[in-house]
Number of protein chains: 2
Amino acid sequence: MTAEIITIGDEILIGQIVDTNSAFLGKAFNKIGISIYQITSVQDEKAHILKAMREAEDNADIIIITGGLGPTKDDVTKHTICEYFNDSLVENIEVLAHVEYLFSKYITTPISDLNRQQAMVPSKAKVLMNKFGTAPGMWLEKNGKVFVSLPGVPYEMKALITDEVNPALRSKFKFPYIRHKTVLTYGLGESAIAIRIEAWEDALPSFLKLAYLPSLGRVRLRISGKTNDKEQLERVIEEQVQLLLPQIEDIFVGFEDEGLIEVIVGNLLKQREMTLAVAESCTGGLMAKSLTANAGASSYFKGGVVTYATESKVNVLKVSDDDIKTYSVVSQQVAEQMAENVRQLYNADYGISTTGNAGPSKGDSDVEVGTVWIAIATKKGTMSQVFNFGNHRDKVNMKATNKAFEMLQKEILKK
Amino acid sequence: MTAEIITIGDEILIGQIVDTNSAFLGKAFNKIGISIYQITSVQDEKAHILKAMREAEDNADIIIITGGLGPTKDDVTKHTICEYFNDSLVENIEVLAHVEYLFSKYITTPISDLNRQQAMVPSKAKVLMNKFGTAPGMWLEKNGKVFVSLPGVPYEMKALITDEVNPALRSKFKFPYIRHKTVLTYGLGESAIAIRIEAWEDALPSFLKLAYLPSLGRVRLRISGKTNDKEQLERVIEEQVQLLLPQIEDIFVGFEDEGLIEVIVGNLLKQREMTLAVAESCTGGLMAKSLTANAGASSYFKGGVVTYATESKVNVLKVSDDDIKTYSVVSQQVAEQMAENVRQLYNADYGISTTGNAGPSKGDSDVEVGTVWIAIATKKGTMSQVFNFGNHRDKVNMKATNKAFEMLQKEILKK
């Protein structure tokens, strides 16, 4: 049983937005046993949407359509669905009441005709109520295939999938079990890993598939399987992971299920009741933002300082002005003082710092673009390392952030 | 003349990664006059890739294929291209030398057979050298249509498009001129805007298309056009924008070409030679990270403080402990002290602060989830406002960040 995702919107095709909905849908569907056969992004244009729907009906059993449900003239999805199902729009009083309720917070006058149109749905559709917006989801069936149309606004779409679509699909169909297990490694390229684990890879059971996902200094190894026997699949994947781990001990960071490196480090800190503060120069808030993206961060993350200007390293973090002049602002001395001083300032167990030049041009320091010093301060002392992360600004900052968390992880595990 | 993008990789379909390559390609192609007809994401599977290539050849003139070019066994794109073009792989000495050069930085031994395979390319392909990686780009032609295969690693793909593919396409074809102009508004819903500007929208010349892009408290209005007469298109879009602006004066923020609100504000600060520091609680580094994402930020952004723990608001930012106890950590008093104190700490012209509860649960304060106080401190005084940004953590933080920059923009323009 497979699904196809059709995302509708010129803004996707002209690159004005990145389609994040599809990744959410892929994950949410895999979780309940549905494989995504294909993702197709098309224009806000009737003929093109109809063509995509016909092709998707040939390819897949479940067709999820997102986008194009707004009240304005550029949105044509609802009319296109009517044409595809040879249907017409009727007013749904439940949706109308909901639209009126949503607007009652903002206006006292009756809602406009435009907003009233949001309550018009194809007569053959089962309505899926959208608690966060005016455009309802719609569920239609044809020749045993399910079509679901959802709004493109991410949090509206996500709530409809979680609360309405997935429960309905699970009660209508029986799905197999899909499992992905992803091992995070860093420090070795994909080809070197592939050679090292070749015998293991070749001996994998045929119902498991291995994928290499290289990105910025790390390679993720994903083992995927799909069966009807959940216990067997879980067991075999676990056995294979146990065979793999001894072969990659030196480059193993963790499992993706545990989350990103900042989540793994956060959990470690939490377990040990330790706290962290960060001092950022080139990473400019990325370390703090990565940490605070996790709801539980307040138990281990005390806070941080972004000292973007050189003078603020002196004024806010009390880095020695002389050392900056002698060794430059991108130096071991400055990185270590930043880490230790932010640790003390926030009264934390660990302080981590970055100072570097992410480019594109040389800043307050003469060091080569891509050079980053990272320091980790503990109550027992401070250590630091220098890296060159290449010449692409975002890449440099992302790599520096990941590396700092990896260094912190090693430091914590040392104790 | 249209293009279709085929992105290859199971990681896209299972939602392990978000496909950002397509948005880059959409933008880069629109810039030189190529419309994207469709984006199709398919599995790492020969039959599926072949089917997508056949369909794309029917749909479009230029077919861009990304992904699946790694040295490991899960990558099948190169063999699939050979099958499609009835071709076979041959070793390319230029690519081989480049692969050897890339590895010479890391190893002294000869490269492995796996890496050597990266130099095997279809004999009919024109090779596009990939300076950042081992997988070359490949350009093939069939029945007047162009197929380009590129690696999936974003910065490798981007450099190949900019340096190789787009120049080659421009010298081979003559493209029309495409222009998008996007007006940023906030504070009014899309339907209310649509009603207000209905007469203007209906009178738009037929070669212009208007789209409404609503998201988190703001609506973007995009005017798009495609013609062979660049000057005429520029002029007509500009005329229409001038007709539109007086109708949306109260909700107009800027143009998207100028970038995001933080870029607009950054440019304003730069023009006026003013500086900024930020104090973040709930936004946890997002304001700093948004600012420092722009290479020129160092001329106006002094830095910031993330005081995630309540105690750090006292220790680092010298917020009054009594006021926190009396008014709670999410209060006007705390927000204003944070803004003013960070301004002084960093010796900046403006200080902005956020303190709130982004959820999912109530933290150190009893205020409702979604409540955020934002303060702006200047040399002349401090002002603040309270908002409720709803109940979704990311949404709350993103809205708070945008709103803080919008408030700062208004404050700067007041002078």
# chains A, B, ... in the order shown; residues from 1 in each chain; ligands from 1
call {"tool": "residues_around", "arguments": {"residues": "range 26-31 of chain B", "least_positions_apart": "2", "cutoff": "9 Å", "atoms": "only C-alpha atoms", "output": "ChimeraX atom specification"}}
result
/A:12-16 /B:3,5,21-24,33-36,161-162,166,177-180
call {"tool": "residues_around", "arguments": {"residues": "Glu83 in chain B", "least_positions_apart": "6", "cutoff": "10 Å", "atoms": "only C-alpha atoms", "output": "PyMOL selection string"}}
result
chain B and resi 46+50+77+122
call {"tool": "write_last_selection", "arguments": {"atoms": "C-alpha atoms", "output": "short mmCIF file (atom, residue, chain, number, x, y, z; two decimals), in the first residue's frame"}}
result
data_model
loop_
_atom_site.label_atom_id
_atom_site.label_comp_id
_atom_site.auth_asym_id
_atom_site.auth_seq_id
_atom_site.Cartn_x
_atom_site.Cartn_y
_atom_site.Cartn_z
CA LYS B 46 15.94 2.20 -11.42
CA LEU B 50 13.34 5.74 -15.69
CA THR B 77 21.44 7.22 -10.83
CA PRO B 122 28.28 7.79 -19.39
#
call {"tool": "atom_distance", "arguments": {"atom1": "CA of Ile193 in chain A", "atom2": "CA of Glu234 in chain A"}}
result
23.9 Å
call {"tool": "closest_atom_pairs", "arguments": {"of": "chain B", "to": "chain A", "cutoff": "6 Å", "atoms": "only C-alpha atoms", "output": "Markdown table"}}
result
| residue | atom | partner | partner_atom | distance |
| --- | --- | --- | --- | --- |
| B:Leu13 | CA | A:Gly26 | CA | 5.5 |
| B:Ile14 | CA | A:Gly26 | CA | 4.5 |
| B:Gly15 | CA | A:Ala23 | CA | 3.7 |
| B:Val18 | CA | A:Ala23 | CA | 5.5 |
| B:Thr20 | CA | A:Val18 | CA | 5.9 |
| B:Ala23 | CA | A:Gly15 | CA | 3.7 |
| B:Phe24 | CA | A:Gly15 | CA | 6.0 |
| B:Gly26 | CA | A:Gly15 | CA | 4.4 |
| B:Lys27 | CA | A:Gly15 | CA | 4.8 |
| B:Ile36 | CA | A:Leu13 | CA | 5.7 |
| B:Gln38 | CA | A:Val42 | CA | 5.2 |
| B:Ile39 | CA | A:Ser41 | CA | 5.0 |
| B:Thr40 | CA | A:Thr40 | CA | 4.6 |
| B:Ser41 | CA | A:Ile39 | CA | 5.0 |
| B:Val42 | CA | A:Gln38 | CA | 5.2 |
| B:Asp74 | CA | A:Ala211 | CA | 5.7 |
| B:Ala211 | CA | A:Asp74 | CA | 5.7 |
| B:Gly284 | CA | A:Lys289 | CA | 5.4 |
| B:Gly285 | CA | A:Lys289 | CA | 4.5 |
| B:Leu286 | CA | A:Lys289 | CA | 5.5 |
| B:Ala288 | CA | A:Gly285 | CA | 5.1 |
| B:Lys289 | CA | A:Gly285 | CA | 4.5 |
| B:Thr292 | CA | A:Gly284 | CA | 5.5 |
| B:Lys302 | CA | A:Ala309 | CA | 5.0 |
| B:Gly303 | CA | A:Thr307 | CA | 4.7 |
| B:Gly304 | CA | A:Val306 | CA | 4.7 |
| B:Val305 | CA | A:Val305 | CA | 4.4 |
| B:Val306 | CA | A:Gly304 | CA | 4.7 |
| B:Thr307 | CA | A:Gly303 | CA | 4.8 |
| B:Tyr308 | CA | A:Gly303 | CA | 4.8 |
| B:Ala309 | CA | A:Lys302 | CA | 5.0 |
call {"tool": "atom_distance", "arguments": {"atom1": "CA of Ile197 in chain B", "atom2": "CA of Glu238 in chain B"}}
result
16.4 Å
call {"tool": "select_by_dssp", "arguments": {"residues": "range 263-302 of chain B", "states": "strand (DSSP E or B)", "output": "number ranges by chain"}}
result
B: 276-280, 301-302
call {"tool": "write_last_selection", "arguments": {"atoms": "N, CA and C atoms", "output": "compact mmCIF listing (two decimals), in the first residue's frame"}}
result
# COMPACT_ATOMS: atom_id res chain seq x y z
N LEU B 276 22.75 47.56 17.39
CA LEU B 276 21.69 46.79 18.05
C LEU B 276 22.28 45.69 18.92
N ALA B 277 21.65 45.45 20.07
CA ALA B 277 21.95 44.27 20.88
C ALA B 277 20.63 43.62 21.27
N VAL B 278 20.64 42.31 21.47
CA VAL B 278 19.38 41.60 21.75
C VAL B 278 19.49 40.80 23.04
N ALA B 279 18.39 40.76 23.79
CA ALA B 279 18.30 39.94 25.00
C ALA B 279 17.15 38.97 24.81
N GLU B 280 17.43 37.70 24.80
CA GLU B 280 16.41 36.72 24.44
C GLU B 280 16.12 35.76 25.56
N PHE B 301 25.18 44.78 14.27
CA PHE B 301 24.77 43.88 15.36
C PHE B 301 25.93 43.67 16.32
N LYS B 302 25.78 44.20 17.54
CA LYS B 302 26.87 44.10 18.50
C LYS B 302 26.91 42.72 19.17
call {"tool": "select_by_dssp", "arguments": {"residues": "range 84-134 of chain A", "states": "alpha helix (DSSP H)", "output": "VMD selection string"}}
result
chain A and resid 84 93 to 104 113 to 116
call {"tool": "residues_around", "arguments": {"residues": "Lys78 in chain B", "least_positions_apart": "5", "cutoff": "10 Å", "atoms": "only C-alpha atoms", "output": "list in words"}}
result
Lys46, Gly67, Gly68, Leu69, Gly70, Glu83, Tyr84, Ser88, Leu89, Gln118, Met120, Val121, Pro122, Met138 and Ser149 of chain B
call {"tool": "atom_distance", "arguments": {"atom1": "CA of Gln337 in chain B", "atom2": "CA of Ser384 in chain B"}}
result
10.4 Å
call {"tool": "residues_around", "arguments": {"residues": "Lys172 in chain A", "least_positions_apart": "6", "cutoff": "12 Å", "atoms": "only C-alpha atoms", "output": "list of chain:residue names"}}
result
A:Ile62, A:Glu141, A:Gly144, A:Lys145, A:Val146, A:Val165, A:Asn166
call {"tool": "closest_residue", "arguments": {"among": "B:Thr371, B:Gln409, B:Asn92, B:Thr80", "to": "Leu268 in chain B", "atoms": "only C-alpha atoms"}}
result
B:Gln409
